[in-house]
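J.: My structure is in data-v3.tsv, and what it holds is TSV, C-alpha atoms:
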```tsv
chain	number	residue	atom	x	y	z
A	1	MET	CA	173.53	-84.62	-144.60
A	2	LYS	CA	171.83	-87.94	-145.04
A	3	VAL	CA	172.93	-90.51	-142.51
A	4	LEU	CA	172.03	-94.20	-142.65
A	5	LEU	CA	172.52	-96.81	-139.97
A	6	ILE	CA	173.08	-100.28	-141.37
A	7	ILE	CA	171.94	-102.89	-138.88
A	8	PRO	CA	172.71	-106.47	-139.88
A	9	ALA	CA	170.50	-108.91	-137.96
A	10	TYR	CA	170.69	-112.67	-137.77
A	11	ASN	CA	168.42	-114.30	-135.20
A	12	GLU	CA	168.05	-111.14	-133.15
A	13	GLU	CA	164.40	-111.39	-132.09
A	14	GLU	CA	165.29	-110.49	-128.50
A	15	ASN	CA	167.21	-107.32	-129.31
A	16	ILE	CA	166.19	-105.86	-132.64
A	17	LEU	CA	163.04	-104.01	-131.55
A	18	ARG	CA	164.80	-102.38	-128.60
A	19	VAL	CA	167.76	-101.35	-130.76
A	20	CYS	CA	165.51	-99.71	-133.37
A	21	ARG	CA	163.44	-97.91	-130.72
A	22	THR	CA	166.55	-96.46	-129.05
A	23	ILE	CA	167.71	-95.16	-132.44
A	24	GLU	CA	164.30	-93.59	-133.10
A	25	GLU	CA	164.39	-91.97	-129.67
A	26	TYR	CA	167.93	-90.73	-130.15
A	27	SER	CA	167.31	-88.79	-133.33
A	28	LYS	CA	164.54	-88.43	-135.88
A	29	GLU	CA	166.95	-87.30	-138.60
A	30	ILE	CA	168.94	-90.51	-138.75
A	31	ASP	CA	167.60	-93.22	-141.03
A	32	TYR	CA	168.22	-96.83	-140.28
A	33	ILE	CA	167.83	-100.01	-142.28
A	34	VAL	CA	167.77	-103.46	-140.73
A	35	VAL	CA	169.18	-106.15	-143.01
A	36	ASN	CA	167.57	-109.41	-141.98
A	37	ASP	CA	170.07	-112.08	-143.00
A	38	GLY	CA	167.66	-114.99	-143.42
A	39	SER	CA	166.97	-115.33	-139.70
A	40	LYS	CA	165.42	-118.58	-138.58
A	41	ASP	CA	163.59	-117.10	-135.60
A	42	ASN	CA	160.88	-114.42	-135.41
A	43	THR	CA	163.11	-111.51	-136.41
A	44	LEU	CA	161.26	-110.94	-139.70
A	45	LYS	CA	157.87	-111.09	-137.97
A	46	ILE	CA	158.96	-108.50	-135.43
A	47	LEU	CA	160.31	-106.24	-138.18
A	48	GLU	CA	157.07	-106.41	-140.15
A	49	GLU	CA	154.66	-106.09	-137.22
A	50	ASN	CA	156.41	-103.05	-135.81
A	51	ASN	CA	156.87	-101.42	-139.20
A	52	LEU	CA	160.64	-101.16	-138.84
A	53	LYS	CA	162.50	-100.29	-142.04
A	54	HIS	CA	164.16	-103.44	-143.26
A	55	ILE	CA	165.55	-105.38	-146.19
A	56	ASN	CA	164.85	-109.09	-146.04
A	57	LEU	CA	167.61	-111.14	-147.68
A	58	ILE	CA	166.05	-114.07	-149.51
A	59	ASN	CA	168.95	-116.34	-148.49
A	60	ASN	CA	171.43	-116.29	-145.65
A	61	LEU	CA	174.64	-114.52	-146.74
A	62	GLY	CA	176.61	-114.11	-143.53
A	63	ILE	CA	177.50	-110.83	-141.85
A	64	GLY	CA	179.66	-109.52	-144.71
A	65	GLY	CA	177.01	-110.05	-147.37
A	66	ALA	CA	174.34	-108.50	-145.15
A	67	VAL	CA	176.41	-105.40	-144.43
A	68	GLN	CA	177.27	-104.98	-148.10
A	69	THR	CA	173.54	-105.03	-148.92
A	70	GLY	CA	173.24	-102.04	-146.58
A	71	TYR	CA	176.07	-100.24	-148.37
A	72	LYS	CA	174.45	-100.92	-151.73
A	73	TYR	CA	171.19	-99.49	-150.41
A	74	ALA	CA	173.05	-96.44	-149.07
A	75	TYR	CA	174.78	-95.95	-152.42
A	76	GLU	CA	171.56	-96.21	-154.43
A	77	ASN	CA	169.78	-93.77	-152.15
A	78	ASN	CA	172.60	-91.23	-152.07
A	79	TYR	CA	173.44	-91.29	-148.41
A	80	ASP	CA	176.39	-89.17	-147.30
A	81	ILE	CA	177.36	-91.28	-144.31
A	82	ALA	CA	176.69	-94.95	-143.61
A	83	ILE	CA	177.26	-96.37	-140.16
A	84	GLN	CA	177.46	-100.05	-139.35
A	85	PHE	CA	175.58	-100.74	-136.16
A	86	ASP	CA	175.09	-104.11	-134.52
A	87	GLY	CA	171.59	-105.45	-134.06
A	88	ASP	CA	172.39	-107.07	-130.73
A	89	GLY	CA	172.55	-103.94	-128.61
A	90	GLN	CA	176.34	-103.99	-128.20
A	91	HIS	CA	176.77	-100.54	-129.66
A	92	ASP	CA	175.72	-97.39	-127.93
A	93	VAL	CA	173.70	-94.76	-129.86
A	94	ARG	CA	175.21	-91.97	-127.78
A	95	TYR	CA	178.47	-92.37	-129.70
A	96	LEU	CA	176.91	-91.77	-133.12
A	97	ALA	CA	177.80	-88.08	-133.06
A	98	ASP	CA	181.38	-88.87	-132.06
A	99	ILE	CA	181.82	-91.38	-134.83
A	100	CYS	CA	180.45	-89.03	-137.50
A	101	GLU	CA	182.49	-86.03	-136.44
A	102	PRO	CA	185.82	-86.80	-138.21
A	103	ILE	CA	183.92	-87.35	-141.48
A	104	LEU	CA	181.94	-84.12	-141.10
A	105	ASN	CA	185.20	-82.22	-140.53
A	106	ASN	CA	186.78	-83.88	-143.58
A	107	LYS	CA	189.43	-85.43	-141.37
A	108	ALA	CA	188.76	-89.00	-142.40
A	109	ASN	CA	186.99	-91.18	-144.95
A	110	MET	CA	186.26	-93.92	-142.49
A	111	VAL	CA	185.92	-93.96	-138.72
A	112	ILE	CA	186.19	-97.01	-136.51
A	113	GLY	CA	184.66	-97.08	-133.06
A	114	THR	CA	187.31	-98.63	-130.85
A	115	ARG	CA	186.86	-100.45	-127.60
A	116	TYR	CA	190.48	-100.47	-126.51
A	117	LEU	CA	191.53	-96.82	-126.68
A	118	ASP	CA	192.48	-95.67	-123.21
A	119	LYS	CA	190.18	-92.68	-123.04
A	120	SER	CA	186.97	-94.66	-123.16
A	121	ALA	CA	185.80	-95.93	-119.82
A	122	SER	CA	184.42	-99.08	-121.29
A	123	GLU	CA	182.94	-101.54	-118.88
A	124	PHE	CA	183.08	-104.17	-121.55
A	125	GLN	CA	186.59	-104.57	-122.86
A	126	SER	CA	185.86	-108.01	-124.29
A	127	THR	CA	187.54	-111.27	-123.35
A	128	PHE	CA	191.29	-111.90	-123.22
A	129	MET	CA	191.19	-114.22	-126.25
A	130	ARG	CA	189.40	-111.66	-128.35
A	131	ARG	CA	191.84	-108.95	-127.38
A	132	LEU	CA	194.75	-111.20	-128.24
A	133	GLY	CA	193.19	-111.99	-131.61
A	134	GLY	CA	192.56	-108.30	-132.24
A	135	ASN	CA	196.18	-107.50	-131.35
A	136	ILE	CA	197.54	-110.08	-133.77
A	137	ILE	CA	195.36	-108.79	-136.61
A	138	SER	CA	196.28	-105.20	-135.83
A	139	PHE	CA	199.99	-106.19	-135.82
A	140	PHE	CA	199.60	-107.66	-139.31
A	141	ILE	CA	197.76	-104.60	-140.58
A	142	LYS	CA	200.52	-102.40	-139.20
A	143	LYS	CA	203.23	-104.47	-140.87
A	144	CYS	CA	201.41	-104.42	-144.20
A	145	THR	CA	200.08	-100.87	-144.35
A	146	LYS	CA	202.25	-98.96	-141.81
A	147	LYS	CA	199.09	-97.72	-140.08
A	148	LYS	CA	197.93	-98.61	-136.62
A	149	ILE	CA	194.37	-99.81	-136.20
A	150	THR	CA	193.77	-100.67	-132.56
A	151	ASP	CA	190.48	-102.51	-132.95
A	152	PRO	CA	190.26	-103.99	-136.44
A	153	THR	CA	187.37	-106.33	-135.65
A	154	SER	CA	185.09	-103.59	-134.36
A	155	GLY	CA	181.74	-103.65	-136.13
A	156	PHE	CA	180.96	-100.04	-135.25
A	157	ARG	CA	182.16	-98.05	-138.24
A	158	ALA	CA	181.20	-94.99	-140.22
A	159	ALA	CA	181.94	-94.51	-143.91
A	160	ASP	CA	181.73	-91.44	-146.13
A	161	LYS	CA	180.41	-91.27	-149.69
A	162	LYS	CA	183.57	-92.52	-151.39
A	163	ILE	CA	183.88	-95.51	-149.09
A	164	ILE	CA	180.19	-96.31	-149.51
A	165	GLU	CA	180.75	-96.47	-153.25
A	166	GLU	CA	183.80	-98.71	-152.84
A	167	PHE	CA	181.97	-101.03	-150.47
A	168	ALA	CA	178.88	-101.20	-152.66
A	169	LYS	CA	181.04	-102.39	-155.54
A	170	GLU	CA	183.43	-104.65	-153.70
A	171	TYR	CA	183.22	-105.86	-150.14
A	172	PRO	CA	185.17	-108.78	-148.68
A	173	THR	CA	182.27	-110.92	-147.57
A	174	GLU	CA	184.28	-113.58	-145.79
A	175	TYR	CA	186.26	-111.64	-143.18
A	176	PRO	CA	184.55	-108.28	-143.54
A	177	GLU	CA	185.90	-105.90	-140.89
A	178	PRO	CA	189.68	-106.39	-140.87
A	179	GLU	CA	189.91	-107.10	-144.58
A	180	SER	CA	187.87	-104.12	-145.72
A	181	THR	CA	189.86	-101.84	-143.40
A	182	THR	CA	193.11	-103.07	-144.95
A	183	CYS	CA	191.75	-102.62	-148.48
A	184	MET	CA	190.74	-99.04	-147.80
A	185	LEU	CA	194.10	-98.25	-146.16
A	186	CYS	CA	195.92	-99.67	-149.18
A	187	LYS	CA	193.83	-97.58	-151.53
A	188	GLY	CA	194.98	-94.50	-149.66
A	189	TYR	CA	191.84	-93.53	-147.75
A	190	LYS	CA	192.16	-91.93	-144.35
A	191	ILE	CA	190.94	-93.97	-141.40
A	192	THR	CA	190.73	-92.74	-137.84
A	193	GLU	CA	189.54	-94.29	-134.63
A	194	VAL	CA	187.37	-92.85	-131.91
A	195	PRO	CA	186.90	-94.40	-128.47
A	196	VAL	CA	183.47	-95.86	-127.86
A	197	ASN	CA	181.82	-97.77	-125.10
A	198	MET	CA	180.31	-101.13	-125.91
A	199	ASN	CA	177.74	-102.89	-123.82
A	200	GLU	CA	177.82	-106.53	-123.04
A	201	ARG	CA	175.44	-108.55	-125.16
A	202	ILE	CA	172.07	-108.67	-123.49
A	203	GLY	CA	170.59	-111.58	-125.39
A	204	GLY	CA	171.40	-113.84	-128.31
A	205	GLN	CA	174.75	-115.32	-129.28
A	206	SER	CA	177.86	-113.72	-130.68
A	207	SER	CA	178.70	-114.73	-134.23
A	208	ILE	CA	182.39	-115.38	-133.49
A	209	ARG	CA	182.80	-118.52	-131.44
A	210	LEU	CA	185.94	-119.24	-129.50
A	211	LEU	CA	186.71	-122.55	-131.13
A	212	LYS	CA	186.74	-121.02	-134.57
A	213	THR	CA	189.05	-118.19	-133.54
A	214	ALA	CA	192.33	-119.81	-134.54
A	215	ASP	CA	191.04	-120.75	-137.97
A	216	TYR	CA	189.61	-117.26	-138.38
A	217	MET	CA	192.89	-115.64	-137.36
A	218	ILE	CA	194.99	-117.51	-139.90
A	219	LYS	CA	192.63	-116.75	-142.76
A	220	VAL	CA	192.29	-113.08	-141.84
A	221	CYS	CA	196.05	-112.61	-141.68
A	222	LEU	CA	196.44	-114.35	-145.02
A	223	ALA	CA	193.71	-112.18	-146.52
A	224	ILE	CA	195.41	-109.02	-145.22
A	225	ILE	CA	198.75	-109.99	-146.74
A	226	ILE	CA	197.19	-110.86	-150.09
A	227	ASP	CA	195.14	-107.66	-150.16
A	228	THR	CA	198.14	-105.45	-149.53
A	229	THR	CA	200.25	-107.06	-152.22
A	230	ASN	CA	197.29	-106.80	-154.60
A	231	LEU	CA	196.31	-103.24	-153.93
A	232	LYS	CA	199.56	-101.38	-153.33
A	233	LYS	CA	199.84	-100.57	-157.00
A	234	LYS	CA	196.37	-99.10	-157.43
A	235	LYS	CA	196.42	-96.16	-155.04
A	236	VAL	CA	193.81	-93.43	-155.14
A	237	LYS	CA	195.07	-89.85	-155.06
B	1	MET	CA	199.09	-156.47	-173.31
B	2	GLN	CA	196.80	-159.29	-174.30
B	3	LEU	CA	194.42	-158.80	-177.21
B	4	THR	CA	191.28	-159.62	-175.20
B	5	LEU	CA	192.20	-157.06	-172.56
B	6	ARG	CA	192.85	-154.43	-175.20
B	7	ILE	CA	189.53	-155.09	-176.90
B	8	ALA	CA	187.73	-154.92	-173.55
B	9	LEU	CA	189.47	-151.62	-172.70
B	10	ILE	CA	188.67	-150.12	-176.08
B	11	ILE	CA	185.01	-151.06	-175.70
B	12	LEU	CA	184.97	-149.46	-172.24
B	13	THR	CA	186.52	-146.28	-173.58
B	14	LEU	CA	184.00	-146.15	-176.41
B	15	ILE	CA	181.16	-146.44	-173.89
B	16	TYR	CA	182.81	-143.61	-171.95
B	17	LEU	CA	183.04	-141.49	-175.11
B	18	PHE	CA	179.43	-142.28	-176.02
B	19	TYR	CA	178.30	-141.23	-172.54
B	20	ILE	CA	180.15	-137.90	-172.87
B	21	PHE	CA	178.51	-137.15	-176.22
B	22	LYS	CA	175.14	-138.08	-174.82
B	23	SER	CA	175.63	-135.67	-171.93
B	24	ILE	CA	176.56	-132.87	-174.33
B	25	LYS	CA	173.53	-133.60	-176.48
B	26	ASN	CA	171.21	-133.56	-173.47
B	27	LYS	CA	172.80	-130.26	-172.39
B	28	LYS	CA	173.97	-131.77	-169.11
B	29	ILE	CA	177.40	-130.17	-169.55
B	30	GLN	CA	178.50	-127.09	-171.44
B	31	ILE	CA	180.61	-127.62	-174.54
B	32	SER	CA	183.49	-125.60	-173.12
B	33	PHE	CA	183.70	-128.02	-170.18
B	34	SER	CA	183.21	-131.13	-172.30
B	35	ILE	CA	186.30	-130.67	-174.49
B	36	PHE	CA	188.52	-131.83	-171.65
B	37	TRP	CA	186.58	-135.08	-171.27
B	38	VAL	CA	186.54	-135.87	-174.98
B	39	PHE	CA	190.27	-135.23	-174.98
B	40	THR	CA	190.88	-137.74	-172.16
B	41	ALA	CA	188.88	-140.37	-174.06
B	42	PHE	CA	191.05	-139.91	-177.17
B	43	ILE	CA	194.24	-140.18	-175.15
B	44	LEU	CA	192.94	-143.41	-173.61
B	45	ILE	CA	192.18	-144.85	-177.05
B	46	ILE	CA	195.66	-143.96	-178.34
B	47	ALA	CA	197.30	-145.45	-175.26
B	48	ILE	CA	195.40	-148.70	-175.67
B	49	ALA	CA	195.95	-148.93	-179.42
B	50	ILE	CA	199.71	-148.31	-179.21
B	51	PRO	CA	200.85	-149.74	-175.85
B	52	ASN	CA	204.54	-149.23	-176.64
B	53	LEU	CA	204.05	-145.49	-177.01
B	54	ILE	CA	203.39	-144.87	-173.31
B	55	GLN	CA	206.18	-147.24	-172.34
B	56	ASN	CA	208.67	-145.45	-174.58
B	57	ILE	CA	207.71	-142.03	-173.27
B	58	SER	CA	208.13	-143.19	-169.69
B	59	ASN	CA	211.53	-144.75	-170.48
B	60	PHE	CA	212.59	-141.57	-172.23
B	61	LEU	CA	211.58	-139.39	-169.23
B	62	GLY	CA	213.37	-141.75	-166.85
B	63	PHE	CA	210.55	-143.29	-164.84
B	64	THR	CA	211.44	-146.68	-163.34
B	65	LEU	CA	207.95	-147.99	-163.91
B	66	THR	CA	205.43	-146.99	-166.56
B	67	THR	CA	202.67	-147.02	-163.95
B	68	ASN	CA	204.59	-144.38	-161.97
B	69	MET	CA	204.37	-142.00	-164.90
B	70	ILE	CA	200.70	-142.70	-165.41
B	71	PHE	CA	199.90	-142.11	-161.73
B	72	CYS	CA	202.02	-138.99	-161.70
B	73	VAL	CA	200.32	-137.50	-164.74
B	74	THR	CA	196.81	-138.43	-163.61
B	75	ILE	CA	197.32	-136.95	-160.15
B	76	PHE	CA	198.60	-133.71	-161.64
B	77	ILE	CA	195.64	-133.47	-163.98
B	78	ALA	CA	193.26	-134.29	-161.13
B	79	PHE	CA	194.75	-131.54	-158.95
B	80	TYR	CA	194.51	-129.07	-161.78
B	81	LEU	CA	190.88	-130.01	-162.35
B	82	ILE	CA	189.94	-129.67	-158.69
B	83	PHE	CA	191.66	-126.33	-158.48
B	84	ASN	CA	189.83	-125.17	-161.58
B	85	LEU	CA	186.53	-126.22	-160.07
B	86	THR	CA	187.31	-124.26	-156.89
B	87	THR	CA	187.91	-121.15	-159.00
B	88	ILE	CA	184.65	-121.62	-160.85
B	89	LEU	CA	182.83	-122.21	-157.58
B	90	SER	CA	184.21	-119.01	-156.05
B	91	LYS	CA	183.18	-117.02	-159.09
B	92	GLU	CA	179.68	-118.46	-159.08
B	93	ASN	CA	179.41	-117.86	-155.34
B	94	LYS	CA	180.21	-114.20	-155.82
B	95	LYS	CA	177.59	-113.86	-158.55
B	96	ASN	CA	175.09	-115.61	-156.31
B	97	VAL	CA	175.72	-113.23	-153.41
B	98	ASN	CA	175.30	-110.29	-155.75
B	99	LEU	CA	172.01	-111.67	-157.08
B	100	ILE	CA	170.60	-112.25	-153.59
B	101	GLN	CA	171.53	-108.72	-152.56
B	102	GLU	CA	170.10	-107.05	-155.65
B	103	ILE	CA	166.86	-109.04	-155.55
B	104	SER	CA	166.39	-108.32	-151.86
B	105	ILE	CA	166.92	-104.58	-152.38
B	106	LEU	CA	164.55	-104.62	-155.37
B	107	LYS	CA	161.91	-106.43	-153.33
B	108	LYS	CA	162.12	-103.75	-150.68
B	109	ARG	CA	161.73	-101.01	-153.28
B	110	VAL	CA	158.72	-102.73	-154.81
B	111	GLU	CA	157.09	-103.15	-151.41
B	112	ASP	CA	157.71	-99.50	-150.57
B	113	LEU	CA	156.19	-98.42	-153.86
B	114	GLU	CA	153.13	-100.63	-153.31
B	115	LYS	CA	152.62	-99.10	-149.87
B	116	LYS	CA	152.79	-95.60	-151.34
B	117	GLN	CA	150.20	-96.52	-153.98
B	118	GLU	CA	147.82	-97.90	-151.38
B	119	GLU	CA	148.07	-94.69	-149.40
B	120	LYS	CA	147.02	-92.71	-152.45
```
Would you put the structure from the file into structure tokens?
T.:
Amino acid sequence: MKVLLIIPAYNEEENILRVCRTIEEYSKEIDYIVVNDGSKDNTLKILEENNLKHINLINNLGIGGAVQTGYKYAYENNYDIAIQFDGDGQHDVRYLADICEPILNNKANMVIGTRYLDKSASEFQSTFMRRLGGNIISFFIKKCTKKKITDPTSGFRAADKKIIEEFAKEYPTEYPEPESTTCMLCKGYKITEVPVNMNERIGGQSSIRLLKTADYMIKVCLAIIIDTTNLKKKKVK
Amino acid sequence: MQLTLRIALIILTLIYLFYIFKSIKNKKIQISFSIFWVFTAFILIIAIAIPNLIQNISNFLGFTLTTNMIFCVTIFIAFYLIFNLTTILSKENKKNVNLIQEISILKKRVEDLEKKQEEK
């Protein structure tokens, strides 16, 4: 089983080294690849000096484009499982086993690490606005695909070989997490959620700013509706 | 329409047409894009040469004023053009993203290979 962690990083000089070291400590068998999305700070320097495995994007692409680069890399190098993992230390390495388990047992094609499931004793349940936004998106996904995804904006996700191939070919780069989830649901892949604990950001700035939330919400919902009408005909067995 | 005005307009249109051909010759625009512009120039020339034609069409369609029809048609064409450009832009953007990703992955592979060679 080859497992790859895809770590998109944009201006993460404060966190990236610590994140990579915790992964190395956690397990020697898991590979990781940092995708440096044209950072303007010293992220690249840190990656090179410490010999961390990384791809350096020659231009800034945004989170979606960076993550897709990781999926392309995973596809070319024949990885069995690819896991998206944030470079800002929000995600906890201890949940990696949990998030892989449904794929290993053939129970799901894609697994989403969810903050809001009741079982997880998460100290960080994110702000009210974010939860509201998440709820609206998840409502739309439920209406369109008849499946419930509690935390559609979670960036902590694992994908099996089939999904890696799909993502390497086509990945919605504008509103990556909710849109790609919807696409995969429409194509008939199985998606499950496992509860995870997320830490509060230790340094750096979150990429979703509050002021942009409303604009983001409208476009995501529109994208979900369009995707479902587009894809319902082309289901995979 | 007065003769002097018509002559002035025709000269302007000819300059416009000349400029389009020059741009095609200098490879500033692709031929597939240029057809539209040549077409507009010809329509302009026809409209200036036979002023009654436009008037009659507008009367036939039921516009109160000829200018209304002209504005209406131009705005529609302009919207269509802008929309077309947005489509082209999106397509190019997608290709661009793909190129950046592939080049970046290739660069990593090359660097890895170079490192391996040095170790040998």
J.: Taking only C-alpha atoms into account, what are the residues of chain B at most 9 Å from chain A, put as a list in words?
T.: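 Written out as asked, the residues are Val97, Asn98, Ile100, Gln101, Glu102, Ile103, Ser104, Ile105, Lys107 and Lys108 of chain B.
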J.: By how many Å are atom CA of A:Asn11 and atom CA of A:Tyr216 apart?
T.: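 Separation of atom CA of A:Asn11 and atom CA of A:Tyr216: 21.6 Å.
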J.: Report the distance between atom CA of B:Met69 and atom CA of B:Leu12 in Å, rounded to one decimal place.
T.: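 Calculated distance between atom CA of B:Met69 and atom CA of B:Leu12 is 22.0 Å.
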J.: Using all atoms listed in the file for the distances, tell me which of A:Leu4, A:Val67, A:Ile16, A:Ala158 is nearest to A:Leu104.
T.: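 Selected residue with least distance to A:Leu104: A:Ala158.
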J.: The residues within 12 Å of (185.6, -105.4, -136.5), using all atoms listed in the file and the coordinates of the file, should be reported as a PyMOL selection string; which are they?
T.: chain A and resi 63-64+84-86+111-115+130-131+133-135+137-138+149-158+175-182+193+207-208+220
J.: Rounded to one decimal, what separation in Å do you get between atom CA of A:Asp92 and atom CA of A:Asn197?
T.: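 Here the two named atoms are 6.7 Å from each other.
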